[in-house]
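Report on the structure given below.
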Amino acid sequence: MITADQAIAALCRHVQPGKATQMAAYHKAPRRYLGVANPEINTLTRSWRQMLPPRDRLTLAQGLWQSDIHEARVAAAKLLTQARIRPDDAVWELICGWVPDFDGWAIADHAAAAGARRITADPARLDLVETWTTSPHLWTRRAALVMTLPFTKQNHPTPVELAARERILTWAATYTEDREWFIQKSVGWWLRDLSKHDPERVRSFLDKHGENLRSFARKEAAKYL
């Protein structure tokens, strides 16, 4: 077993002088920054995943997240970012518990990568994700699209994948009227990725809803059309 304190100590051995100040200025979220680059976090979390059984990975991820240290939260998400976890209900529950804590794109996107694998493993979880679309919390609303990006990737989606894609596009349609920059960006991102696999569906969406998108989001959505 590796404790959160031990894992944080391991992260601290990879601190780059001056980087913490740069990270704090860039990310702006008011928390502690160690100054550790993502490649070092990747190396550590990969070794921890190989070393620890699922229950211990879950405990470590929870402890790292609760520390509220930037790199520790990134590491927590990376610990749980893998396709095959069985059973995974506890992992999904923990990730969902993180969503209200999101306060910036960087940590949110790492956590979303972990959550996305749990949603594709069980698309019935979209029922819960749909409730996020009307949250007053900006980052929860955004997470609904970022965590469902895998449904943009199929050239020949299964009926379940196609139904999920169409369902998420109805969320995106409501988001076009949300003027928050990060929400508009998430719509543009989702449509841009879908356009690589189903350009006609994106054209149809833009014909119907494109005028509601801010210009930068519309440009992002049409980038590959």
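For the structure tokens, the naming scheme is as follows: chains receive sequential letters (A, B, ...) according to their order of presentation, residues are indexed from 1 within each chain, and ligands are indexed from 1 in presentation order.
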Determine, for each residue of segment 103-176 of chain A having at least one atom at most 10 Å from an atom of segment 29-41 of chain A, the closest pair of atoms and their separation in Å to one decimal, counting only C-alpha atoms; order by chain and ascending number, as CSV.
```
residue,atom,partner,partner_atom,distance
A:Asp103,CA,A:Ala29,CA,6.8
A:Gly104,CA,A:Ala29,CA,6.7
A:Trp105,CA,A:Ala29,CA,9.9
```
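For Glu130 of chain A, the list of residues within 10 Å, based on only C-alpha atoms and with local chain neighbours fewer than 4 positions off taken out, reads Arg125, Leu126, Thr134, Ser135, Arg141, Ala144, Leu145, Arg167, Ile168 and Trp171 of chain A.
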Close residues, segment 5-15 of chain A itself excluded, 10 Å, only C-alpha atoms, min 3 positions apart in chain, as a list in words:
Met1, Ile2, Gly18, Lys19, Ala20, Tyr33, Leu34, Gly35, Val36, Ala37, Glu40, Ile41, Leu44, Thr45, Trp48, Leu60, Ala61, Gly63, Leu64, Ser67, Ile69, Glu71, Ala72 and Ala75 of chain A
Restrict the selected residues to N, CA, C and O atoms and save them as a compact mmCIF listing (two decimals), in the first residue's frame.
```
# COMPACT_ATOMS: atom_id res chain seq x y z
N MET A 1 0.84 -1.20 0.00
CA MET A 1 0.00 0.00 0.00
C MET A 1 0.88 1.25 0.00
O MET A 1 1.90 1.29 0.70
N ILE A 2 0.51 2.23 -0.77
CA ILE A 2 1.18 3.53 -0.80
C ILE A 2 0.20 4.55 -0.26
O ILE A 2 -0.94 4.64 -0.72
N GLY A 18 11.11 26.86 -9.77
CA GLY A 18 10.40 27.95 -10.42
C GLY A 18 9.13 27.57 -11.14
O GLY A 18 8.31 28.43 -11.48
N LYS A 19 8.92 26.27 -11.36
CA LYS A 19 7.75 25.84 -12.15
C LYS A 19 6.44 26.03 -11.38
O LYS A 19 5.41 26.34 -11.99
N ALA A 20 6.47 25.87 -10.07
CA ALA A 20 5.24 26.02 -9.28
C ALA A 20 4.66 27.42 -9.43
O ALA A 20 3.44 27.59 -9.58
N TYR A 33 0.70 24.31 -5.71
CA TYR A 33 1.34 23.74 -6.90
C TYR A 33 2.75 23.33 -6.52
O TYR A 33 3.48 24.10 -5.89
N LEU A 34 3.13 22.13 -6.90
CA LEU A 34 4.46 21.64 -6.56
C LEU A 34 5.50 22.05 -7.60
O LEU A 34 6.65 22.31 -7.25
N GLY A 35 5.10 22.06 -8.86
CA GLY A 35 6.06 22.33 -9.93
C GLY A 35 6.58 21.05 -10.56
O GLY A 35 7.77 20.93 -10.85
N VAL A 36 5.69 20.08 -10.78
CA VAL A 36 6.04 18.79 -11.37
C VAL A 36 5.40 18.70 -12.75
O VAL A 36 4.19 18.95 -12.90
N ALA A 37 6.17 18.32 -13.76
CA ALA A 37 5.66 18.22 -15.13
C ALA A 37 4.85 16.95 -15.32
O ALA A 37 5.06 15.93 -14.64
N GLU A 40 6.50 13.32 -15.63
CA GLU A 40 6.90 12.70 -14.36
C GLU A 40 5.68 12.13 -13.63
O GLU A 40 5.75 11.06 -13.02
N ILE A 41 4.56 12.86 -13.68
CA ILE A 41 3.33 12.34 -13.06
C ILE A 41 2.90 11.06 -13.77
O ILE A 41 2.49 10.08 -13.13
N LEU A 44 5.09 8.09 -12.59
CA LEU A 44 4.75 7.65 -11.24
C LEU A 44 3.42 6.92 -11.20
O LEU A 44 3.31 5.84 -10.60
N THR A 45 2.40 7.50 -11.81
CA THR A 45 1.08 6.86 -11.73
C THR A 45 1.06 5.54 -12.47
O THR A 45 0.35 4.61 -12.05
N TRP A 48 2.42 3.09 -10.05
CA TRP A 48 1.47 2.82 -8.97
C TRP A 48 0.33 1.92 -9.45
O TRP A 48 -0.12 1.04 -8.71
N LEU A 60 -5.81 5.38 -2.71
CA LEU A 60 -4.76 6.36 -2.98
C LEU A 60 -5.30 7.53 -3.78
O LEU A 60 -5.00 8.69 -3.48
N ALA A 61 -6.12 7.25 -4.79
CA ALA A 61 -6.69 8.33 -5.59
C ALA A 61 -7.53 9.26 -4.73
O ALA A 61 -7.46 10.49 -4.87
N GLY A 63 -7.21 9.86 -1.51
CA GLY A 63 -6.33 10.64 -0.66
C GLY A 63 -5.60 11.74 -1.41
O GLY A 63 -5.46 12.86 -0.91
N LEU A 64 -5.16 11.43 -2.61
CA LEU A 64 -4.47 12.43 -3.43
C LEU A 64 -5.42 13.57 -3.79
O LEU A 64 -5.03 14.75 -3.74
N SER A 67 -6.06 16.04 -0.96
CA SER A 67 -4.94 16.93 -0.60
C SER A 67 -5.10 18.31 -1.22
O SER A 67 -4.51 19.28 -0.74
N ILE A 69 -3.79 19.43 -3.82
CA ILE A 69 -2.56 19.83 -4.51
C ILE A 69 -2.75 19.56 -5.99
O ILE A 69 -3.25 18.49 -6.37
N GLU A 71 -0.86 18.79 -8.65
CA GLU A 71 -0.28 17.57 -9.24
C GLU A 71 -0.85 16.31 -8.60
O GLU A 71 -0.97 15.27 -9.27
N ALA A 72 -1.21 16.38 -7.32
CA ALA A 72 -1.81 15.22 -6.66
C ALA A 72 -3.18 14.91 -7.24
O ALA A 72 -3.54 13.74 -7.42
N ALA A 75 -2.63 13.32 -10.55
CA ALA A 75 -2.22 11.93 -10.34
C ALA A 75 -3.41 11.06 -9.93
O ALA A 75 -3.52 9.90 -10.37
```
Smallest atom-to-atom distance to Leu138 of chain A: which of A:Tyr26, A:Tyr175, A:Phe216, A:Phe205, using only C-alpha atoms?
A:Tyr175
Lys196 of chain A surroundings by only C-alpha atoms, 10 Å radius, close-in-sequence under 5 positions cut, as a list in words
Thr152, Lys153, Gln154, Asn155, Leu191, Val202, Lys223, Tyr224 and Leu225 of chain A
With a cut-off of 8 Å, could you pull out the residues of segment 116-175 of chain A touching segment 83-86 of chain A and give me the nearest pair of atoms for each, distance in Å to one decimal, using only C-alpha atoms, ordered by chain and ascending number, as CSV?
```
residue,atom,partner,partner_atom,distance
A:Arg117,CA,A:Ala83,CA,5.5
A:Arg118,CA,A:Ala83,CA,7.5
A:Ala121,CA,A:Ala83,CA,7.6
```
Pick from A:Asp207, A:Glu220, A:Asp193, A:Glu93, whichever lies nearest to Val146 of chain A using only C-alpha atoms:
A:Asp193
Please list as a PyMOL selection string every residue within 7 Å of segment 183-185 of chain A, counting only C-alpha atoms and excluding residues in the same chain fewer than 5 positions away.
chain A and resi 142+175-176+178+213-214+217
